$ cat start_38.txt   # compact mmCIF, C-alpha atoms
# COMPACT_ATOMS: atom_id res chain seq x y z
CA MET W 900 0.86 30.96 -13.07
CA ARG W 901 1.54 31.69 -9.40
CA ASN W 902 1.32 29.47 -6.33
CA ASP W 903 -1.86 31.33 -5.32
CA ASP W 904 -3.51 30.32 -8.59
CA LEU W 905 -2.48 26.72 -8.09
CA ASP W 906 -3.71 26.79 -4.49
CA ARG W 907 -7.05 28.19 -5.61
CA ILE W 908 -7.51 25.68 -8.43
CA LEU W 909 -6.37 22.62 -6.53
CA SER W 910 -8.19 23.48 -3.31
CA GLN W 911 -11.55 23.85 -5.00
CA GLN W 912 -12.13 20.40 -6.38
CA GLU W 913 -15.43 18.78 -7.12
CA GLU W 914 -16.71 16.55 -4.33
CA ILE W 915 -18.51 13.31 -5.08
CA LEU W 916 -21.00 11.51 -2.89
CA PRO W 917 -20.56 7.78 -2.36
CA SER W 918 -23.35 5.82 -4.02
CA SER W 919 -26.30 4.95 -1.79
CA GLY W 920 -25.35 1.29 -1.48
CA PHE W 921 -21.71 1.91 -0.70
CA ALA W 922 -21.88 1.48 3.08
CA SER W 923 -23.99 -1.67 2.78
CA SER W 924 -21.61 -3.10 0.24
CA VAL W 925 -18.67 -2.43 2.58
CA MET W 926 -20.54 -4.03 5.48
CA GLU W 927 -21.32 -7.10 3.36
CA ALA W 928 -17.64 -7.45 2.56
CA VAL W 929 -16.80 -7.01 6.25
CA ALA W 930 -19.36 -9.65 7.24
CA ARG W 931 -17.84 -12.06 4.69
CA GLU W 932 -14.43 -11.31 6.11
CA ALA W 933 -15.66 -11.90 9.67
CA ALA W 934 -17.25 -15.22 8.67
CA VAL W 935 -13.92 -16.61 7.48
CA PRO W 936 -12.34 -18.67 10.29
CA PRO W 937 -9.03 -17.29 11.54
CA PRO W 938 -5.92 -18.97 10.12
CA ILE W 939 -4.67 -21.97 12.08
CA PRO W 940 -1.54 -20.92 13.92
CA PHE W 941 1.61 -22.92 13.49
CA PRO W 942 1.85 -25.49 16.33
CA TRP W 943 5.04 -24.12 17.85
CA LYS W 944 4.54 -26.00 21.13
CA ARG W 945 4.43 -29.35 19.39
CA ALA W 946 7.18 -28.53 16.96
CA LEU W 947 9.52 -27.13 19.58
CA PRO W 948 11.02 -30.45 20.82
CA GLY W 949 11.72 -31.58 17.26
CA LEU W 950 13.15 -28.23 16.25
CA SER W 951 15.34 -28.13 19.39
CA ALA W 952 16.61 -31.63 18.71
CA ALA W 953 17.41 -30.72 15.11
CA GLY W 954 19.17 -27.55 16.26
CA LEU W 955 21.22 -29.47 18.80
CA ALA W 956 22.15 -32.11 16.24
CA LEU W 957 23.24 -29.41 13.81
CA MET W 958 25.32 -27.76 16.50
CA ALA W 959 26.92 -31.11 17.35
CA VAL W 960 27.78 -31.77 13.71
CA LEU W 961 29.26 -28.29 13.29
CA THR W 962 31.25 -28.54 16.50
CA GLY W 963 32.47 -32.00 15.51
CA SER W 964 33.53 -30.74 12.08
CA LEU W 965 35.37 -27.79 13.58
CA LEU W 966 37.16 -30.05 16.03
CA LEU W 967 38.16 -32.38 13.23
CA LEU W 968 39.50 -29.46 11.21
CA GLU W 969 41.42 -28.12 14.20
CA ASN W 970 43.02 -31.51 14.82
CA GLY W 971 44.05 -31.72 11.18
CA ALA W 972 41.97 -34.80 10.67
CA ALA W 973 40.01 -33.39 7.76
CA SER W 974 42.30 -35.00 5.19
CA GLN W 975 42.25 -38.35 6.96
CA PRO W 976 39.62 -40.94 6.14
CA LEU W 977 36.60 -41.15 8.43
CA PRO W 978 36.83 -43.63 11.31
CA PRO W 979 35.23 -46.98 10.35
CA GLU W 980 32.37 -46.64 12.88
CA TRP W 981 31.45 -43.22 11.35
CA LEU W 982 31.57 -44.71 7.87
CA SER W 983 29.32 -47.59 8.78
CA ALA W 984 26.89 -45.21 10.53
CA LEU W 985 26.80 -42.98 7.45
CA THR W 986 26.27 -45.93 5.12
CA SER W 987 23.40 -47.30 7.18
CA LEU W 988 21.86 -43.83 7.35
CA LEU W 989 22.01 -43.49 3.56
CA GLN W 990 20.64 -47.01 3.15
CA ALA W 991 17.74 -46.24 5.49
CA SER W 992 16.94 -43.02 3.71
CA LYS W 993 16.90 -44.89 0.38
CA THR W 994 14.60 -47.55 1.77
CA LEU W 995 12.21 -44.98 3.22
CA GLY W 996 12.31 -42.80 0.11
CA ALA W 997 13.59 -39.91 2.19
CA TYR W 998 14.34 -37.76 -0.85
CA TRP W 999 10.74 -37.91 -1.93
CA ILE W 1000 9.57 -37.19 1.59
CA ALA W 1001 11.90 -34.22 1.82
CA MET W 1002 10.71 -32.93 -1.54
CA ALA W 1003 7.06 -33.38 -0.55
CA LEU W 1004 7.68 -31.56 2.72
CA LEU W 1005 9.36 -28.69 0.91
CA LEU W 1006 6.52 -28.44 -1.60
CA SER W 1007 3.93 -28.51 1.19
CA LEU W 1008 5.80 -25.82 3.07
CA ALA W 1009 5.99 -23.67 -0.05
CA SER W 1010 2.27 -24.07 -0.80
CA VAL W 1011 1.31 -23.31 2.83
CA LYS W 1012 3.48 -20.20 2.81
CA LEU W 1013 2.01 -19.09 -0.49
CA SER W 1014 -1.61 -19.60 0.57
CA THR W 1015 -1.01 -17.84 3.91
CA HIS W 1016 0.56 -15.00 1.98
CA PHE W 1017 -2.50 -14.66 -0.27
CA ALA W 1018 -5.00 -15.16 2.54
CA SER W 1019 -3.41 -12.42 4.63
CA GLY W 1020 -3.98 -10.02 1.74
CA HIS W 1021 -0.31 -9.53 0.93
CA GLY W 1022 -0.76 -11.03 -2.47
CA SER W 1023 -4.13 -9.43 -3.16
CA PRO W 1024 -4.48 -7.09 -6.10
CA PHE W 1025 -4.73 -4.16 -3.71
CA GLU W 1026 -1.54 -4.79 -1.80
CA ARG W 1027 1.28 -2.29 -1.95
CA GLY W 1028 3.98 -3.47 -4.28
CA MET U 1299 -19.68 11.54 15.67
CA SER U 1300 -16.43 12.60 17.31
CA ALA U 1301 -13.00 11.08 17.81
CA ALA U 1302 -14.27 9.57 21.07
CA ASP U 1303 -17.18 7.99 19.18
CA ASP U 1304 -14.70 6.55 16.68
CA GLN U 1305 -12.72 5.02 19.51
CA ALA U 1306 -15.85 3.62 21.16
CA ALA U 1307 -16.92 2.07 17.85
CA VAL U 1308 -13.48 0.52 17.39
CA GLU U 1309 -13.60 -0.97 20.89
CA LYS U 1310 -17.01 -2.48 20.12
CA VAL U 1311 -15.79 -3.98 16.86
CA LEU U 1312 -12.76 -5.43 18.59
CA ALA U 1313 -15.08 -6.93 21.19
CA GLY U 1314 -16.92 -8.73 18.40
CA ASP U 1315 -19.72 -6.32 17.51
CA ILE U 1316 -19.19 -6.14 13.74
CA ALA U 1317 -22.25 -3.93 13.23
CA ALA U 1318 -20.45 -1.13 15.09
CA PHE U 1319 -18.10 -0.86 12.12
CA GLU U 1320 -20.95 0.55 10.05
CA GLY U 1321 -20.87 3.78 12.06
CA LEU U 1322 -17.22 4.22 11.10
CA VAL U 1323 -17.97 3.45 7.45
CA ARG U 1324 -20.83 5.95 7.35
CA ARG U 1325 -18.73 8.64 8.97
CA TRP U 1326 -15.65 8.23 6.80
CA GLN U 1327 -17.05 6.99 3.49
CA GLY U 1328 -17.28 10.50 2.00
CA PRO U 1329 -13.69 11.53 2.73
CA LEU U 1330 -12.24 8.15 1.74
CA VAL U 1331 -14.14 7.96 -1.55
CA ASN U 1332 -13.27 11.57 -2.37
CA LEU U 1333 -9.60 11.04 -1.60
CA ALA U 1334 -9.57 8.02 -3.90
CA TYR U 1335 -11.41 10.02 -6.55
CA ARG U 1336 -8.71 12.68 -6.52
CA PHE U 1337 -6.17 9.97 -7.20
CA CYS U 1338 -7.98 8.29 -10.08
CA ARG U 1339 -10.79 10.61 -11.32
CA ASP U 1340 -12.99 7.55 -11.75
CA ARG U 1341 -16.01 7.21 -9.47
CA GLY U 1342 -16.31 3.43 -9.79
CA ARG U 1343 -12.68 2.81 -9.09
CA ALA U 1344 -12.71 5.32 -6.25
CA GLU U 1345 -15.45 3.33 -4.51
CA GLU U 1346 -13.61 0.06 -5.07
CA LEU U 1347 -10.46 1.53 -3.56
CA ALA U 1348 -12.35 3.01 -0.62
CA GLN U 1349 -14.08 -0.31 0.04
CA GLU U 1350 -10.74 -2.09 0.07
CA ALA U 1351 -9.40 0.58 2.44
CA PHE U 1352 -12.28 -0.06 4.86
CA LEU U 1353 -11.69 -3.80 4.65
CA ARG U 1354 -8.01 -3.30 5.39
CA ALA U 1355 -8.93 -1.08 8.31
CA TYR U 1356 -11.30 -3.73 9.64
CA ARG U 1357 -8.64 -6.43 9.37
CA SER U 1358 -6.03 -4.39 11.16
CA LEU U 1359 -8.13 -2.47 13.70
CA ASP U 1360 -6.18 -4.07 16.53
CA ARG U 1361 -3.02 -2.47 15.15
CA TRP U 1362 -4.36 1.07 15.61
CA ARG U 1363 -2.32 2.62 18.41
CA ARG U 1364 -4.41 5.14 20.29
CA GLU U 1365 -1.68 7.84 20.25
CA ALA U 1366 -2.96 9.09 16.90
CA ALA U 1367 -6.58 9.84 16.04
CA PHE U 1368 -8.46 7.05 14.32
CA SER U 1369 -8.92 9.30 11.29
CA THR U 1370 -5.16 9.88 11.00
CA TRP U 1371 -4.54 6.14 11.06
CA LEU U 1372 -7.37 5.51 8.60
CA PHE U 1373 -6.13 8.14 6.14
CA ALA U 1374 -2.56 6.84 6.34
CA LEU U 1375 -3.80 3.32 5.64
CA ALA U 1376 -6.01 4.49 2.76
CA THR U 1377 -3.27 6.68 1.28
CA ASN U 1378 -0.83 3.80 1.38
CA LEU U 1379 -3.34 1.58 -0.39
CA TYR U 1380 -4.35 4.15 -3.02
CA CYS U 1381 -0.76 5.05 -3.86
CA SER U 1382 0.34 1.45 -4.23
CA GLU U 1383 -2.73 0.45 -6.16
CA LEU U 1384 -2.40 3.37 -8.55
CA ARG U 1385 1.26 2.70 -9.06
CA ARG U 1386 0.33 -0.88 -9.93
CA ILE U 1387 -2.54 0.01 -12.26
CA PRO U 1388 -2.26 3.73 -13.06
CA ALA U 1389 -5.34 5.87 -13.56
CA ARG U 1390 -6.17 6.59 -17.16
CA ILE U 1391 -4.22 9.78 -17.57
CA VAL U 1392 -2.45 11.62 -20.33
CA THR U 1393 1.19 12.65 -20.16
CA LEU U 1394 2.15 16.12 -19.04
CA ASP U 1395 3.01 17.02 -22.63
CA ASP U 1396 -0.45 16.11 -23.85
CA ILE U 1397 -2.39 18.29 -21.42
CA ALA U 1398 -4.84 20.54 -23.27
CA GLU U 1399 -3.03 23.06 -25.38
CA PRO U 1400 -5.21 26.17 -25.63
CA SER U 1401 -6.42 26.73 -29.16
CA ASP U 1402 -6.32 30.48 -28.70
CA PRO U 1403 -2.84 32.06 -28.22
CA ARG U 1404 -4.21 34.34 -25.50
CA ALA U 1405 -5.83 31.39 -23.86
CA ILE U 1406 -4.05 31.21 -20.50
CA ASP U 1407 -4.20 34.95 -20.01
CA GLY U 1408 -7.88 35.21 -20.60
CA GLY U 1409 -9.19 33.51 -23.72
CA LEU U 1410 -9.49 30.04 -22.25
CA GLU U 1411 -12.47 29.57 -20.04
CA GLN U 1412 -11.44 29.64 -16.41
CA ALA U 1413 -13.14 26.31 -15.79
CA ASP U 1414 -11.23 24.70 -18.68
CA GLN U 1415 -7.96 25.99 -17.35
CA ASP U 1416 -8.78 24.68 -13.87
CA ARG U 1417 -9.61 21.28 -15.32
CA ALA U 1418 -6.39 21.24 -17.31
CA VAL U 1419 -4.37 22.01 -14.19
CA ARG U 1420 -6.09 19.21 -12.25
CA ARG U 1421 -5.44 16.76 -15.06
CA ALA U 1422 -1.83 17.90 -15.16
CA VAL U 1423 -1.46 16.95 -11.48
CA LEU U 1424 -2.38 13.37 -12.37
CA ALA U 1425 0.31 13.35 -15.03
CA LEU U 1426 3.08 14.31 -12.58
CA PRO U 1427 5.56 11.67 -11.38
CA ALA U 1428 4.03 9.63 -8.53
CA LYS U 1429 5.85 11.22 -5.59
CA TYR U 1430 4.89 14.77 -6.59
CA ARG U 1431 1.37 13.76 -7.58
CA GLU U 1432 0.68 11.99 -4.28
CA THR U 1433 2.06 14.86 -2.23
CA LEU U 1434 0.10 17.52 -4.11
CA ILE U 1435 -3.15 15.54 -3.96
CA LEU U 1436 -2.86 14.93 -0.23
CA PHE U 1437 -1.73 18.45 0.57
CA TYR U 1438 -4.81 19.98 -1.04
CA PHE U 1439 -7.09 17.24 0.25
CA HIS U 1440 -5.95 17.97 3.81
CA ASP U 1441 -6.62 21.70 3.39
CA MET U 1442 -2.97 22.54 2.77
CA ASP U 1443 -1.86 21.11 6.10
CA ILE U 1444 1.76 20.00 5.74
CA SER U 1445 1.98 17.97 8.95
CA THR U 1446 -1.17 15.95 8.17
CA THR U 1447 0.12 15.36 4.66
CA ALA U 1448 3.45 14.19 6.06
CA ARG U 1449 1.71 11.83 8.49
CA SER U 1450 -0.51 10.41 5.75
CA LEU U 1451 2.50 9.70 3.56
CA SER U 1452 4.77 8.70 6.46
CA ILE U 1453 7.50 11.05 5.29
CA PRO U 1454 9.17 14.05 7.00
CA GLU U 1455 7.58 17.49 6.65
CA GLY U 1456 10.72 18.77 4.92
CA THR U 1457 10.27 16.16 2.20
CA VAL U 1458 6.65 17.22 1.76
CA LYS U 1459 7.73 20.85 1.34
CA ALA U 1460 10.42 19.90 -1.17
CA ARG U 1461 8.04 17.75 -3.21
CA LEU U 1462 5.35 20.45 -3.14
CA SER U 1463 7.82 23.00 -4.38
CA ARG U 1464 9.07 20.75 -7.19
CA GLY U 1465 5.57 19.63 -8.16
CA ARG U 1466 4.26 23.17 -8.35
CA GLU U 1467 7.31 24.20 -10.33
CA MET U 1468 6.59 21.46 -12.87
CA LEU U 1469 2.98 22.56 -13.17
CA ARG U 1470 3.95 26.22 -13.48
CA SER U 1471 6.51 25.45 -16.14
CA LYS U 1472 3.96 23.38 -18.06
CA PHE U 1473 1.40 26.15 -18.12
CA THR U 1474 3.94 28.89 -18.75
CA GLN U 1475 5.23 26.93 -21.75
CA GLN U 1476 1.67 26.59 -22.99
CA SER U 1477 0.99 30.28 -22.69
CA LEU U 1478 4.25 31.28 -24.35
CA ALA U 1479 4.49 28.69 -27.10
CA PRO U 1480 1.80 30.12 -29.39
CA LEU U 1481 3.21 33.66 -29.01
CA MET U 1482 6.72 32.47 -29.85
CA SER U 1483 5.54 30.62 -32.94
CA LYS U 1484 3.75 33.80 -34.08
CA GLU U 1485 6.95 35.83 -33.61
CA ALA U 1486 8.90 33.27 -35.62
CA GLN U 1487 6.50 33.76 -38.54
$ encode --input "start_38.txt" --output "structure tokens"
Amino acid sequence: MRNDDLDRILSQQEEILPSSGFASSVMEAVAREAAVPPPIPFPWKRALPGLSAAGLALMAVLTGSLLLLENGAASQPLPPEWLSALTSLLQASKTLGAYWIAMALLLSLASVKLSTHFASGHGSPFERG
Amino acid sequence: MSAADDQAAVEKVLAGDIAAFEGLVRRWQGPLVNLAYRFCRDRGRAEELAQEAFLRAYRSLDRWRREAAFSTWLFALATNLYCSELRRIPARIVTLDDIAEPSDPRAIDGGLEQADQDRAVRRAVLALPAKYRETLILFYFHDMDISTTARSLSIPEGTVKARLSRGREMLRSKFTQQSLAPLMSKEAQ
């Protein structure tokens, strides 16, 4: 079998006509899609101060740790004021149930991410794997 | 309807006139359903795939950059969807080894009805590994235009040529084996 034969066979394929209701069915699906309200965007403006503060705090902790390491103070016990601050922080987090709050926040974040993922079609059965 | 009409319809849809999308659906439903049909050989599934392709197009109309024709963008989107969907749930096909063996030893050279042979070759395309199958289907769908095929698959033209060559070679070897096998078994007797 030559390329010409293959070209002839594979070029002449049967054509099908879409069924009569196909366009209407597509338009119905499009109308349903259009009726769905757009996803609520993440409130970056409101979250920005909190995120910046958290970023700055993280930077401060890292810088402080590096400075401590550089000064060879890593093996020394923490200064008493640091220890008392840490203890009160832990105590407060216990009182408030911070672990549960953190876990709930993580779970909420995961479920929001998952539902956004599905809603945007990435998890739909027709999405590219 | 021309490319300019397509663009005008897209602008209307983006401005909020959903009904304008129907013009695009009516214009491109035939090609999109037929392309899907070549991938799966199942009319019902072809329409489902084409409908999903239109929905995807509707959702991402604002991502169509006007440098390429609307049809090029639409075909690339549909091709992407069809390929991924058929890799996920393959069409009901037989393996290359199971493609119709002619009952008559002279079959390929003349005994087998031409139409049967043509059907067997088309079925054999569906049994090829995905990358060769997709390239062959698109190449013949786009009237043997290599650059359109490359754009639809988002791969370089050289890769299209290489895959076409390998895919055809696999088909040729399949049908050469079929035509020779009965003769060789006769000689052995």
$ interface_residues --input "start_38.txt" --of "chain W" --to "chain U" --cutoff "10 Å" --atoms "all atoms listed in the file" --output "ChimeraX atom specification"
/W:900-902,904-918,921-926,928-930,932-933,1019-1020,1024-1028
$ atom_distance --input "start_38.txt" --atom1 "atom CA of Arg1431 of chain U" --atom2 "atom CA of Thr1447 of chain U"
12.4 Å
$ atom_distance --input "start_38.txt" --atom1 "atom CA of Ala1334 of chain U" --atom2 "atom CA of Ala1367 of chain U"
20.2 Å
$ residues_near_point --input "start_38.txt" --point "(-9.5, 6.5, 17.3)" --cutoff "12 Å" --atoms "only C-alpha atoms" --output "PyMOL selection string"
chain U and resi 1299-1309+1322+1355+1359-1373
$ atom_distance --input "start_38.txt" --atom1 "atom CA of Tyr1430 of chain U" --atom2 "atom CA of Val1458 of chain U"
8.9 Å
